[in-house]
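J.: My structure is stored as upload21.txt, with compact mmCIF, C-alpha atoms.
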# COMPACT_ATOMS: atom_id res chain seq x y z
CA MET A 51 -73.12 7.49 0.43
CA ARG A 52 -71.92 7.65 4.03
CA PRO A 53 -68.32 8.81 4.57
CA VAL A 54 -66.10 6.30 6.36
CA LEU A 55 -63.16 6.76 8.70
CA LEU A 56 -60.71 3.87 8.26
CA ILE A 57 -58.07 3.35 10.96
CA ALA A 58 -55.31 1.25 9.41
CA PHE A 59 -51.80 1.32 10.85
CA LYS A 60 -50.56 -0.66 7.82
CA PHE A 61 -51.63 0.92 4.54
CA PRO A 62 -49.92 1.58 1.19
CA PRO A 63 -47.10 2.06 0.47
CA TYR A 64 -46.59 -0.60 3.15
CA ALA A 65 -46.60 -3.70 0.92
CA GLY A 66 -46.98 -6.51 3.45
CA VAL A 67 -50.08 -8.66 3.81
CA GLY A 68 -51.39 -6.39 6.58
CA ALA A 69 -52.22 -3.69 4.03
CA PHE A 70 -53.89 -5.82 1.34
CA ARG A 71 -57.38 -6.39 2.68
CA TRP A 72 -58.44 -2.81 3.33
CA SER A 73 -56.46 -1.16 0.55
CA LYS A 74 -58.57 -3.27 -1.83
CA PHE A 75 -61.84 -2.67 0.03
CA ALA A 76 -61.11 1.07 0.15
CA LYS A 77 -60.45 1.07 -3.60
CA TYR A 78 -63.87 -0.33 -4.46
CA LEU A 79 -65.81 1.43 -1.71
CA ALA A 80 -64.44 4.72 -3.07
CA ARG A 81 -65.67 3.78 -6.54
CA LEU A 82 -69.10 3.08 -5.09
CA GLY A 83 -69.19 6.66 -3.81
CA HIS A 84 -68.00 6.44 -0.21
CA THR A 85 -65.50 9.08 0.88
CA MET A 86 -62.81 7.11 2.67
CA HIS A 87 -60.82 9.06 5.26
CA VAL A 88 -57.86 6.77 6.00
CA VAL A 89 -55.80 7.51 9.08
CA THR A 90 -52.46 5.73 8.94
CA VAL A 91 -48.75 6.44 9.42
CA GLU A 92 -45.95 7.50 7.09
CA TRP A 93 -44.50 4.43 5.38
CA GLN A 94 -41.40 4.08 3.28
CA ASN A 95 -41.73 2.00 0.09
CA ILE A 96 -41.36 -1.55 1.39
CA GLY A 97 -41.82 -4.57 -0.88
CA LEU A 98 -42.43 -5.34 -4.54
CA ASP A 99 -45.89 -3.84 -4.83
CA THR A 100 -46.76 -0.81 -2.73
CA LEU A 101 -50.43 -0.80 -3.88
CA ARG A 102 -50.24 2.96 -4.35
CA GLU A 103 -52.36 2.87 -7.51
CA ASP A 104 -55.15 1.09 -5.62
CA VAL A 105 -55.58 3.98 -3.22
CA GLU A 106 -55.16 6.88 -5.64
CA HIS A 107 -58.77 8.03 -5.96
CA GLN A 108 -60.51 11.31 -5.33
CA ASN A 109 -62.70 9.64 -2.70
CA ILE A 110 -59.72 8.24 -0.77
CA ARG A 111 -58.19 10.86 1.50
CA ILE A 112 -55.13 9.58 3.32
CA HIS A 113 -54.11 11.24 6.59
CA ARG A 114 -50.62 10.26 7.73
CA ILE A 115 -49.83 10.99 11.37
CA ALA A 116 -47.04 10.14 13.79
CA SER A 117 -46.99 6.64 15.26
CA GLY A 118 -44.85 7.28 18.34
CA PHE A 119 -42.71 4.29 17.30
CA PRO A 120 -39.90 3.66 14.73
CA HIS A 121 -42.14 1.46 12.57
CA ASN A 122 -40.21 2.02 9.33
CA GLU A 123 -36.96 0.96 10.92
CA MET A 124 -38.55 -2.22 12.27
CA HIS A 125 -40.05 -3.25 8.91
CA SER A 126 -37.16 -2.09 6.74
CA ARG A 127 -35.74 -4.64 4.30
CA GLU A 128 -32.64 -2.58 3.57
CA PRO A 129 -29.42 -4.63 3.57
CA GLY A 130 -26.33 -3.72 5.51
CA PRO A 131 -25.21 -3.46 9.15
CA GLU A 132 -26.69 0.02 9.73
CA ALA A 133 -30.20 -1.07 8.70
CA GLN A 134 -29.82 -4.26 10.73
CA PHE A 135 -28.79 -2.24 13.79
CA LYS A 136 -31.87 0.01 13.43
CA ARG A 137 -34.15 -3.04 13.14
CA GLU A 138 -32.64 -4.51 16.30
CA GLN A 139 -33.07 -1.20 18.14
CA ALA A 140 -36.73 -1.01 17.11
CA HIS A 141 -37.40 -4.57 18.26
CA ALA A 142 -35.65 -3.88 21.57
CA LEU A 143 -37.79 -0.76 22.07
CA LEU A 144 -40.93 -2.75 21.30
CA LYS A 145 -40.11 -5.16 24.12
CA THR A 146 -39.87 -2.28 26.58
CA VAL A 147 -43.16 -0.56 25.64
CA SER A 148 -45.27 -3.60 24.77
CA PHE A 149 -45.01 -6.92 22.98
CA ASP A 150 -45.67 -7.55 19.30
CA ASN A 151 -47.73 -4.36 19.18
CA GLU A 152 -46.18 -1.40 17.37
CA ALA A 153 -49.35 0.75 17.57
CA VAL A 154 -49.37 0.81 21.37
CA LEU A 155 -48.19 4.46 21.50
CA TRP A 156 -50.31 5.61 18.57
CA GLY A 157 -53.31 6.71 20.64
CA ARG A 158 -51.93 10.08 21.73
CA HIS A 159 -51.73 11.08 18.06
CA LEU A 160 -54.63 9.03 16.71
CA LEU A 161 -57.49 9.84 19.07
CA PRO A 162 -57.46 13.66 18.86
CA TYR A 163 -56.91 13.54 15.10
CA CYS A 164 -59.81 11.12 14.53
CA LYS A 165 -62.12 13.10 16.79
CA LYS A 166 -61.46 16.24 14.71
CA LEU A 167 -62.09 14.34 11.45
CA ILE A 168 -65.35 12.90 12.75
CA ASN A 169 -66.64 16.33 13.75
CA ALA A 170 -65.38 18.13 10.65
CA HIS A 171 -66.86 15.66 8.15
CA ASN A 172 -69.89 14.40 10.11
CA ILE A 173 -68.56 10.83 10.00
CA GLU A 174 -70.83 8.21 11.53
CA VAL A 175 -69.06 4.97 10.51
CA VAL A 176 -65.55 4.03 11.66
CA VAL A 177 -63.66 0.91 10.57
CA ALA A 178 -60.54 -0.30 12.37
CA THR A 179 -58.46 -3.16 11.02
CA GLY A 180 -55.77 -5.04 12.88
CA PRO A 181 -53.38 -6.31 14.10
CA PRO A 182 -51.33 -4.55 15.33
CA PHE A 183 -53.73 -4.94 18.20
CA HIS A 184 -54.03 -1.34 19.29
CA CYS A 185 -55.64 -0.24 16.02
CA ASN A 186 -58.76 -1.88 17.39
CA VAL A 187 -58.14 -0.92 21.01
CA TRP A 188 -57.74 2.75 20.14
CA ALA A 189 -60.87 2.54 17.99
CA ALA A 190 -62.79 1.22 21.00
CA ARG A 191 -61.56 4.17 23.05
CA LEU A 192 -62.46 6.54 20.22
CA LYS A 193 -66.05 5.37 20.56
CA THR A 194 -66.08 6.43 24.21
CA LEU A 195 -65.05 9.92 23.02
CA CYS A 196 -67.57 9.90 20.13
CA PRO A 197 -70.46 7.67 21.27
CA ARG A 198 -72.61 8.33 18.19
CA ILE A 199 -70.25 6.55 15.78
CA ARG A 200 -70.96 3.05 14.50
CA LEU A 201 -67.80 0.99 14.92
CA ILE A 202 -66.74 -1.90 12.66
CA GLN A 203 -63.82 -3.83 14.18
CA ASP A 204 -62.26 -5.89 11.37
CA PHE A 205 -60.08 -8.86 12.39
CA ARG A 206 -57.70 -10.63 10.02
CA ASP A 207 -56.34 -12.99 12.68
CA THR A 208 -57.39 -14.50 15.97
CA TRP A 209 -55.47 -12.51 18.57
CA LEU A 210 -55.20 -15.23 21.19
CA ARG A 211 -54.19 -17.87 18.61
CA MET A 212 -51.93 -15.93 16.26
CA PRO A 213 -50.32 -18.32 13.75
CA GLY A 214 -46.58 -18.58 14.22
CA ARG A 215 -46.62 -16.75 17.57
CA SER A 216 -46.27 -17.99 21.12
CA TYR A 217 -47.11 -15.64 23.99
CA LYS A 218 -46.34 -15.81 27.67
CA LYS A 219 -49.22 -16.32 30.08
CA ARG A 220 -49.09 -12.66 31.17
CA GLU A 221 -49.13 -11.50 27.54
CA LEU A 222 -52.08 -13.72 26.70
CA GLY A 223 -53.96 -12.27 29.65
CA GLN A 224 -53.32 -8.75 28.36
CA LEU A 225 -54.36 -9.73 24.83
CA ALA A 226 -57.59 -11.19 26.19
CA LEU A 227 -58.40 -7.90 27.93
CA TRP A 228 -57.67 -5.88 24.79
CA LEU A 229 -59.73 -8.26 22.67
CA ARG A 230 -62.68 -8.02 25.04
CA GLU A 231 -62.47 -4.22 25.00
CA ALA A 232 -62.31 -4.08 21.18
CA VAL A 233 -65.19 -6.50 20.61
CA ASP A 234 -67.47 -5.04 23.29
CA ALA A 235 -67.24 -1.59 21.67
CA ALA A 236 -68.08 -2.86 18.18
CA ASP A 237 -71.37 -2.71 16.32
CA LEU A 238 -70.03 -5.28 13.84
CA VAL A 239 -67.00 -7.61 13.99
CA PRO A 240 -66.02 -8.96 10.55
CA VAL A 241 -63.73 -11.99 10.41
CA VAL A 242 -62.35 -13.88 7.40
CA SER A 243 -63.79 -17.39 7.82
CA PRO A 244 -66.47 -19.41 9.67
CA THR A 245 -63.85 -21.29 11.70
CA MET A 246 -62.29 -18.01 12.77
CA MET A 247 -65.72 -16.77 13.82
CA ASP A 248 -66.18 -19.85 16.02
CA MET A 249 -62.77 -19.28 17.61
CA MET A 250 -63.45 -15.59 18.22
CA ARG A 251 -66.81 -16.36 19.81
CA GLU A 252 -65.00 -18.64 22.25
CA ASP A 253 -62.36 -16.01 23.02
CA ALA A 254 -64.69 -12.97 23.14
CA PRO A 255 -68.41 -13.84 23.01
CA SER A 256 -70.55 -11.45 20.96
CA SER A 257 -73.58 -11.55 18.70
CA ASN A 258 -71.99 -9.05 16.30
CA TYR A 259 -69.62 -11.33 14.39
CA ALA A 260 -69.97 -11.70 10.62
CA VAL A 261 -67.87 -13.45 7.96
CA ILE A 262 -66.50 -11.05 5.36
CA ARG A 263 -63.98 -13.00 3.34
CA ASN A 264 -60.82 -11.87 1.70
CA ALA A 265 -61.15 -11.68 -2.07
CA PHE A 266 -59.33 -11.36 -5.39
CA ASP A 267 -59.05 -8.13 -7.32
CA PRO A 268 -60.68 -8.71 -10.76
CA GLU A 269 -58.63 -5.91 -12.32
CA ILE A 270 -55.33 -7.47 -11.29
CA ALA A 271 -56.63 -10.86 -12.45
CA ARG A 272 -57.44 -9.49 -15.92
CA GLN A 273 -53.97 -7.93 -16.20
CA ALA A 274 -52.35 -11.24 -15.24
CA MET A 275 -54.37 -13.23 -17.77
CA ARG A 276 -53.14 -10.99 -20.57
CA GLN A 277 -49.55 -12.10 -19.94
CA GLY A 278 -49.81 -15.37 -21.83
CA GLU A 279 -51.99 -18.32 -22.74
CA LYS A 280 -52.85 -21.38 -20.70
CA ARG A 281 -51.21 -24.65 -21.69
CA THR A 282 -53.48 -27.54 -22.59
CA ARG A 283 -50.88 -30.22 -23.29
CA GLY A 284 -47.73 -31.62 -21.78
CA PRO A 285 -46.90 -32.39 -18.14
CA VAL A 286 -49.23 -31.07 -15.46
CA THR A 287 -47.74 -27.93 -13.92
CA PHE A 288 -48.21 -26.49 -10.45
CA CYS A 289 -47.45 -23.00 -9.15
CA TYR A 290 -46.92 -21.92 -5.55
CA LEU A 291 -46.86 -18.23 -4.59
CA GLY A 292 -45.97 -16.77 -1.20
CA SER A 293 -44.22 -17.60 2.03
CA LEU A 294 -43.32 -21.13 3.09
CA GLY A 295 -42.79 -20.19 6.72
CA SER A 296 -44.74 -21.33 9.81
CA GLY A 297 -44.75 -25.01 8.89
CA ARG A 298 -45.74 -24.63 5.24
CA LEU A 299 -42.36 -25.83 3.96
CA ALA A 300 -42.94 -29.26 5.50
CA VAL A 301 -46.30 -29.54 3.72
CA ILE A 302 -45.02 -28.51 0.29
CA ALA A 303 -42.28 -31.11 0.77
CA LYS A 304 -45.01 -33.79 0.78
CA LEU A 305 -45.93 -32.80 -2.77
CA LEU A 306 -42.28 -33.02 -3.81
CA ASP A 307 -41.99 -36.42 -2.11
CA ALA A 308 -44.96 -37.58 -4.20
CA MET A 309 -43.30 -36.30 -7.38
CA ARG A 310 -40.16 -38.19 -6.42
CA LEU A 311 -42.19 -41.36 -5.82
CA LEU A 312 -43.62 -41.14 -9.32
CA GLY A 313 -40.24 -40.57 -10.92
CA ALA A 314 -40.54 -40.38 -14.70
CA ARG A 315 -43.65 -42.56 -14.87
CA VAL A 316 -46.11 -39.71 -15.16
CA ASN A 317 -44.47 -37.47 -17.72
CA GLY A 318 -42.81 -35.34 -15.05
CA PRO A 319 -45.30 -33.11 -13.19
CA ALA A 320 -43.54 -29.81 -12.48
CA LEU A 321 -43.74 -27.34 -9.58
CA ARG A 322 -42.65 -23.70 -9.83
CA ILE A 323 -42.29 -21.84 -6.53
CA PHE A 324 -42.06 -18.06 -6.11
CA SER A 325 -41.09 -17.46 -2.50
CA GLY A 326 -38.54 -15.71 -0.35
CA ASN A 327 -37.84 -18.72 1.88
CA ALA A 328 -37.81 -21.85 -0.30
CA GLU A 329 -34.08 -22.19 -1.12
CA MET A 330 -33.72 -25.20 1.18
CA LEU A 331 -35.83 -27.22 -1.25
CA LEU A 332 -33.10 -26.90 -3.89
CA HIS A 333 -30.76 -28.82 -1.57
CA LEU A 334 -33.35 -31.36 -0.45
CA TYR A 335 -34.57 -32.25 -3.96
CA PRO A 336 -31.58 -31.91 -6.33
CA ASP A 337 -32.92 -34.75 -8.50
CA LEU A 338 -36.18 -32.87 -9.17
CA VAL A 339 -34.22 -29.71 -9.92
CA LYS A 340 -32.01 -31.60 -12.37
CA SER A 341 -35.03 -33.14 -14.13
CA GLY A 342 -36.68 -29.73 -14.45
CA GLN A 343 -39.58 -30.72 -12.20
CA LEU A 344 -38.74 -28.20 -9.46
CA GLU A 345 -37.97 -24.52 -9.96
CA VAL A 346 -37.51 -22.08 -7.09
CA HIS A 347 -37.64 -18.35 -7.85
CA ALA A 348 -37.50 -15.21 -5.76
CA PRO A 349 -40.80 -13.35 -5.23
CA VAL A 350 -41.98 -11.25 -8.16
CA ALA A 351 -44.52 -8.43 -8.42
CA PRO A 352 -48.18 -9.54 -8.05
CA VAL A 353 -49.26 -9.21 -11.69
CA GLU A 354 -46.24 -11.18 -12.88
CA ALA A 355 -46.76 -13.79 -10.16
CA LEU A 356 -50.41 -14.23 -11.09
CA GLY A 357 -49.39 -14.52 -14.72
CA HIS A 358 -47.33 -17.57 -13.78
CA ALA A 359 -50.26 -18.95 -11.79
CA TYR A 360 -52.63 -18.38 -14.71
CA ARG A 361 -50.42 -20.39 -17.08
CA ALA A 362 -50.12 -23.28 -14.59
CA ASP A 363 -52.62 -26.12 -14.41
CA PHE A 364 -53.02 -25.75 -10.63
CA GLY A 365 -52.18 -23.18 -8.00
CA VAL A 366 -50.95 -24.82 -4.80
CA THR A 367 -51.97 -23.83 -1.28
CA VAL A 368 -50.76 -25.61 1.85
CA ARG A 369 -52.48 -25.74 5.21
CA THR A 370 -51.36 -26.53 8.74
CA ASP A 371 -53.49 -26.92 11.86
CA GLU A 372 -52.14 -23.56 13.02
CA PHE A 373 -53.63 -21.80 9.96
CA LYS A 374 -56.93 -23.64 9.62
CA GLN A 375 -58.93 -20.50 10.43
CA SER A 376 -57.16 -18.37 7.79
CA LEU A 377 -58.13 -18.86 4.18
CA GLN A 378 -54.96 -17.99 2.28
CA THR A 379 -55.17 -14.90 0.11
CA LYS A 380 -53.27 -16.68 -2.68
CA MET A 381 -56.15 -19.15 -2.99
CA TYR A 382 -58.45 -16.30 -3.98
CA ASP A 383 -55.85 -15.02 -6.44
CA TYR A 384 -55.61 -18.42 -8.16
CA ILE A 385 -59.40 -18.58 -8.43
CA GLY A 386 -59.47 -15.05 -9.83
CA VAL A 387 -57.32 -16.10 -12.81
CA ASN A 388 -59.37 -19.29 -13.35
CA THR A 389 -56.62 -21.59 -12.13
CA PRO A 390 -57.95 -24.40 -9.94
CA CYS A 391 -56.38 -24.91 -6.50
CA LEU A 392 -54.59 -27.97 -5.26
CA SER A 393 -55.07 -27.52 -1.52
CA ILE A 394 -52.80 -29.71 0.61
CA GLY A 395 -53.30 -30.07 4.33
CA THR A 396 -55.74 -30.61 7.15
CA GLU A 397 -59.52 -30.15 7.07
CA SER A 398 -60.47 -26.47 6.93
CA ASP A 399 -62.83 -23.86 5.55
CA GLU A 400 -60.63 -23.79 2.46
CA ILE A 401 -61.88 -27.27 1.49
CA ARG A 402 -65.50 -26.22 1.87
CA LEU A 403 -64.97 -23.11 -0.25
CA LEU A 404 -63.32 -25.08 -3.06
CA ARG A 405 -66.25 -27.50 -3.07
CA GLU A 406 -68.88 -24.76 -2.90
CA TYR A 407 -67.46 -22.92 -5.91
CA ASP A 408 -66.15 -26.05 -7.70
CA CYS A 409 -62.73 -24.54 -8.24
CA GLY A 410 -60.19 -27.00 -6.91
CA ILE A 411 -59.15 -30.21 -5.18
CA SER A 412 -58.24 -30.84 -1.57
CA THR A 413 -55.93 -33.60 -0.38
CA PRO A 414 -54.30 -34.69 2.88
CA PRO A 415 -50.51 -34.13 3.14
CA ASP A 416 -49.59 -37.74 2.45
CA PRO A 417 -47.01 -38.48 -0.29
CA VAL A 418 -48.55 -41.81 -1.30
CA TYR A 419 -52.04 -40.31 -1.56
CA LEU A 420 -50.62 -37.34 -3.44
CA ALA A 421 -48.77 -39.61 -5.86
CA VAL A 422 -52.02 -41.37 -6.75
CA LEU A 423 -53.71 -38.00 -7.25
CA LEU A 424 -50.86 -36.74 -9.44
CA ARG A 425 -51.15 -39.83 -11.62
CA LYS A 426 -54.84 -39.09 -12.14
CA LEU A 427 -54.22 -35.42 -12.87
CA ALA A 428 -51.60 -36.35 -15.48
CA SER A 429 -54.44 -37.68 -17.66
CA ARG A 430 -55.97 -34.16 -17.67
CA ASP A 431 -59.34 -35.81 -17.15
CA TYR A 432 -60.74 -33.11 -14.86
CA SER A 433 -62.82 -29.97 -15.13
CA PHE A 434 -64.06 -27.29 -12.76
CA SER A 435 -67.08 -25.06 -13.23
CA PHE A 436 -65.86 -22.09 -11.13
CA ALA A 437 -69.54 -21.58 -10.33
CA ASN A 438 -70.39 -18.09 -9.05
CA VAL A 439 -66.74 -17.23 -8.30
CA ARG A 440 -67.46 -13.57 -9.00
CA GLU A 441 -68.80 -13.58 -5.42
CA LEU A 442 -65.16 -13.96 -4.36
CA GLY A 443 -64.11 -10.73 -6.08
CA VAL A 444 -63.26 -7.62 -4.08
CA ASP A 445 -65.80 -5.59 -6.06
CA TYR A 446 -68.59 -7.98 -5.02
CA VAL A 447 -67.53 -8.07 -1.35
CA ALA A 448 -67.18 -4.28 -1.32
CA GLY A 449 -70.78 -4.06 -2.47
CA GLN A 450 -71.81 -6.08 0.58
CA LEU A 451 -69.68 -3.83 2.79
CA SER A 452 -71.29 -0.76 1.26
CA ASP A 453 -74.73 -2.06 2.22
CA ILE A 454 -73.50 -2.66 5.76
CA ILE A 455 -72.03 0.85 5.98
CA GLU A 456 -75.27 2.41 4.75
CA HIS A 457 -77.53 0.50 7.13
CA ILE A 458 -75.48 -0.27 10.24
Let me see whether you can do it: turn the structure in this file into structure tokens.

T.:
Amino acid sequence: MRPVLLIAFKFPPYAGVGAFRWSKFAKYLARLGHTMHVVTVEWQNIGLDTLREDVEHQNIRIHRIASGFPHNEMHSREPGPEAQFKREQAHALLKTVSFDNEAVLWGRHLLPYCKKLINAHNIEVVVATGPPFHCNVWAARLKTLCPRIRLIQDFRDTWLRMPGRSYKKRELGQLALWLREAVDAADLVPVVSPTMMDMMREDAPSSNYAVIRNAFDPEIARQAMRQGEKRTRGPVTFCYLGSLGSGRLAVIAKLLDAMRLLGARVNGPALRIFSGNAEMLLHLYPDLVKSGQLEVHAPVAPVEALGHAYRADFGVTVRTDEFKQSLQTKMYDYIGVNTPCLSIGTESDEIRLLREYDCGISTPPDPVYLAVLLRKLASRDYSFSFANVRELGVDYVAGQLSDIIEHI
């Protein structure tokens, strides 16, 4: 199996979403026999699940080098005025050296280190995953230093249309130049959805795009399903995991409005939310809290969270126009524990995936429409085949990646 050099600024024990995709791919590629040389930075333990166990394998060799930037201070979640002061200092520094791009100074450490690794281990395939944007920019420049490598530029988001971000005209112009440089250097450009591929082709035309979805980890799913049994009677229950920022709170409120419209007529459908930014709902829907139909909890570790999703009748995802190109990772997690999705929002690739694998329902964010749907679901007269959902597992997708790595 070909060795792989993975350039990933965010990697365990960084526990944010930026580390999930390639920590999981690295885990299963290592098991398939690929030696994964991961070049990243030194991270403090941040978050509930640092994913350390995923990347503890004899075929995963992690190289931690300097970043040239106080990245730990910027991402720290430590309380107190001192930690807050350090975060503010890091953000102020970021504005002076770049914008929204903490890897901009990484190249002076990254490029010579990667060149030595490539020569020492005869590495032919390099993967870079981003943002931050300069992971991919530095990878493009690495290819000019080592022209024989085959470069896979993995994109989790559309740079010029980053959800929740607004850039100045000058900044967008710079992003467009970086994007063009990164894509032009690539032999393959994986993206997470067909809609994202269409957007990227508009922003940076290339024939090298390919859809490589996010996926669920079957091992984590099996652990979660051992936490308890599914209910088959009583009120229909819904579970929401993850952030409610960037417009999602307004969409989840439509579901709660529908529950309020139904009142007690449908045996009280219940929603349990595990999120770090949902407290406002407790004040907006005190009647649903009092009736036991709404519970809001702080985030919990992934296995525990998926255990709650497994015992629910539906896992809820919400979509806004801003996120239509990004299939939410929690959707895959729900599917992995055989919990159908209730997907609320605008038309997207998410709807097509749920139909293709027969593993959920999609609905517009309209309280009246949702109330009718909830009344139907209360009868429990529904079933889903979950046809071929193993194709949405990380182990399956890693097998496809392995073929690409061997033959690119």

J.: In Å, rounded to a single decimal, give me how far CA of Thr208 in chain A is from CA of Ala76 in chain A.

T.: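 For CA of Ala76 in chain A relative to CA of Thr208 in chain A, the distance reads 22.5 Å.
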
J.: Fewer than 3 positions away in the same chain doesn't count, so skip those; otherwise give me all residues within 8 Å of range 82-97 of chain A, counting only C-alpha atoms, as a PyMOL selection string.

T.: chain A and resi 51-66+76+78-79+100+109-117+122+125-127+160+164+449+452

J.: As a list in words, please: the residues near Ala421 in chain A (cut-off 9 Å, only C-alpha atoms, same-chain neighbours under 2 positions excluded).

T.: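 Near neighbours after the sequence-gap exclusion: Leu305, Asp307, Ala308, Met309, Arg310, Leu311, Leu312, Asp416, Pro417, Val418, Tyr419, Leu423, Leu424, Arg425 and Lys426 of chain A.
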
J.: If I take CA of Ser435 in chain A and CA of Asn388 in chain A, how far is one from the other in Å, to one decimal?

T.: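 These two atoms are separated by 9.6 Å.
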
J.: Which residues of range 174-279 of chain A come within 12 Å of range 287-298 of chain A, and what is each one's closest atom pair and distance in Å (one decimal), counting all atoms listed in the file, sorted by chain and residue number, as JSON lines?

T.:
{"residue": "A:Met212", "atom": "CA", "partner": "A:Ser296", "partner_atom": "CA", "distance": 11.1}
{"residue": "A:Pro213", "atom": "CA", "partner": "A:Ser296", "partner_atom": "CA", "distance": 7.5}
{"residue": "A:Gly214", "atom": "CA", "partner": "A:Ser296", "partner_atom": "CA", "distance": 5.5}
{"residue": "A:Arg215", "atom": "CA", "partner": "A:Ser296", "partner_atom": "CA", "distance": 9.2}
{"residue": "A:Ser216", "atom": "CA", "partner": "A:Ser296", "partner_atom": "CA", "distance": 11.9}

J.: Can you work out the spacing between CA of Ile401 in chain A and CA of Val353 in chain A in Å, to one decimal?

T.: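 A separation of 25.7 Å between them.
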
J.: Name the residues within 7 Å of (-54.3, -33.4, -2.8), counting all atoms listed in the file in the file's coordinates, and put them as a ChimeraX atom specification.

T.: /A:392-394,411-414,420,423

J.: Given the choices A:Lys304, A:Arg198, A:Lys74, A:Arg191, which gets closest to Trp228 in chain A if the distance is worked out from all atoms listed in the file?

T.: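 Checking each of A:Lys304, A:Arg198, A:Lys74, A:Arg191 against Trp228 in chain A, counting all atoms listed in the file, the winner is A:Arg191.
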
J.: When distances are computed from only C-alpha atoms, which of A:Leu321, A:Ala189, A:Ala254, A:Leu161 shows the smallest separation from Val339 in chain A?

T.: A:Leu321

J.: Tell me which of A:Leu201, A:Glu174, A:Asp408, A:Asn258 sits closest to Asn438 in chain A, counting all atoms listed in the file.

T.: A:Asp408

J.: Show which residues sit within 9 Å of Pro390 in chain A, as a ChimeraX atom specification. Count only C-alpha atoms, and ignore same-chain residues fewer than 3 positions away.

T.: /A:363-366,381,384-385,387,404,408-411,434,436

J.: Env of Ala271 in chain A: 8 Å cut, atoms = all atoms listed in the file, seq-sep filter 4 positions within chain, self excluded. Answer as a PDB file with C-alpha atoms, in the frame of the given file.

T.:
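And here is the file that came out, out_21.pdb:
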ATOM      1  CA  PHE A 266     -59.330 -11.360  -5.390  1.00  0.00           C
ATOM      2  CA  ASP A 267     -59.050  -8.130  -7.320  1.00  0.00           C
ATOM      3  CA  MET A 275     -54.370 -13.230 -17.770  1.00  0.00           C
ATOM      4  CA  VAL A 353     -49.260  -9.210 -11.690  1.00  0.00           C
ATOM      5  CA  LEU A 356     -50.410 -14.230 -11.090  1.00  0.00           C
ATOM      6  CA  ASP A 383     -55.850 -15.020  -6.440  1.00  0.00           C
ATOM      7  CA  GLY A 386     -59.470 -15.050  -9.830  1.00  0.00           C
ATOM      8  CA  VAL A 387     -57.320 -16.100 -12.810  1.00  0.00           C
TER       9      VAL A 387
END

J.: Between A:Glu221, A:Glu354, A:Glu269, A:Glu400, which one has atoms that come closest to Ser148 in chain A, using all atoms listed in the file?

T.: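 Nearest to Ser148 in chain A: A:Glu221.
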
J.: I'd like to know which of A:Lys165, A:Trp72, A:Glu406, A:Pro120 is closest to Leu451 in chain A, using all atoms listed in the file.

T.: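 The shortest atom-to-atom distance to Leu451 in chain A comes from A:Trp72.
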
J.: Taking into account only C-alpha atoms, which residue in the set A:Val177, A:Val147, A:Ala190, A:Ile262 is nearest to Met246 in chain A?

T.: A:Ile262

J.: Give me, as a ChimeraX atom specification, all polymer residues having an atom no more than 10 Å from Val241 in chain A, counting all atoms listed in the file and skipping those fewer than 6 positions away in the same chain.

T.: /A:203-208,247-248,250,259-264,375-376
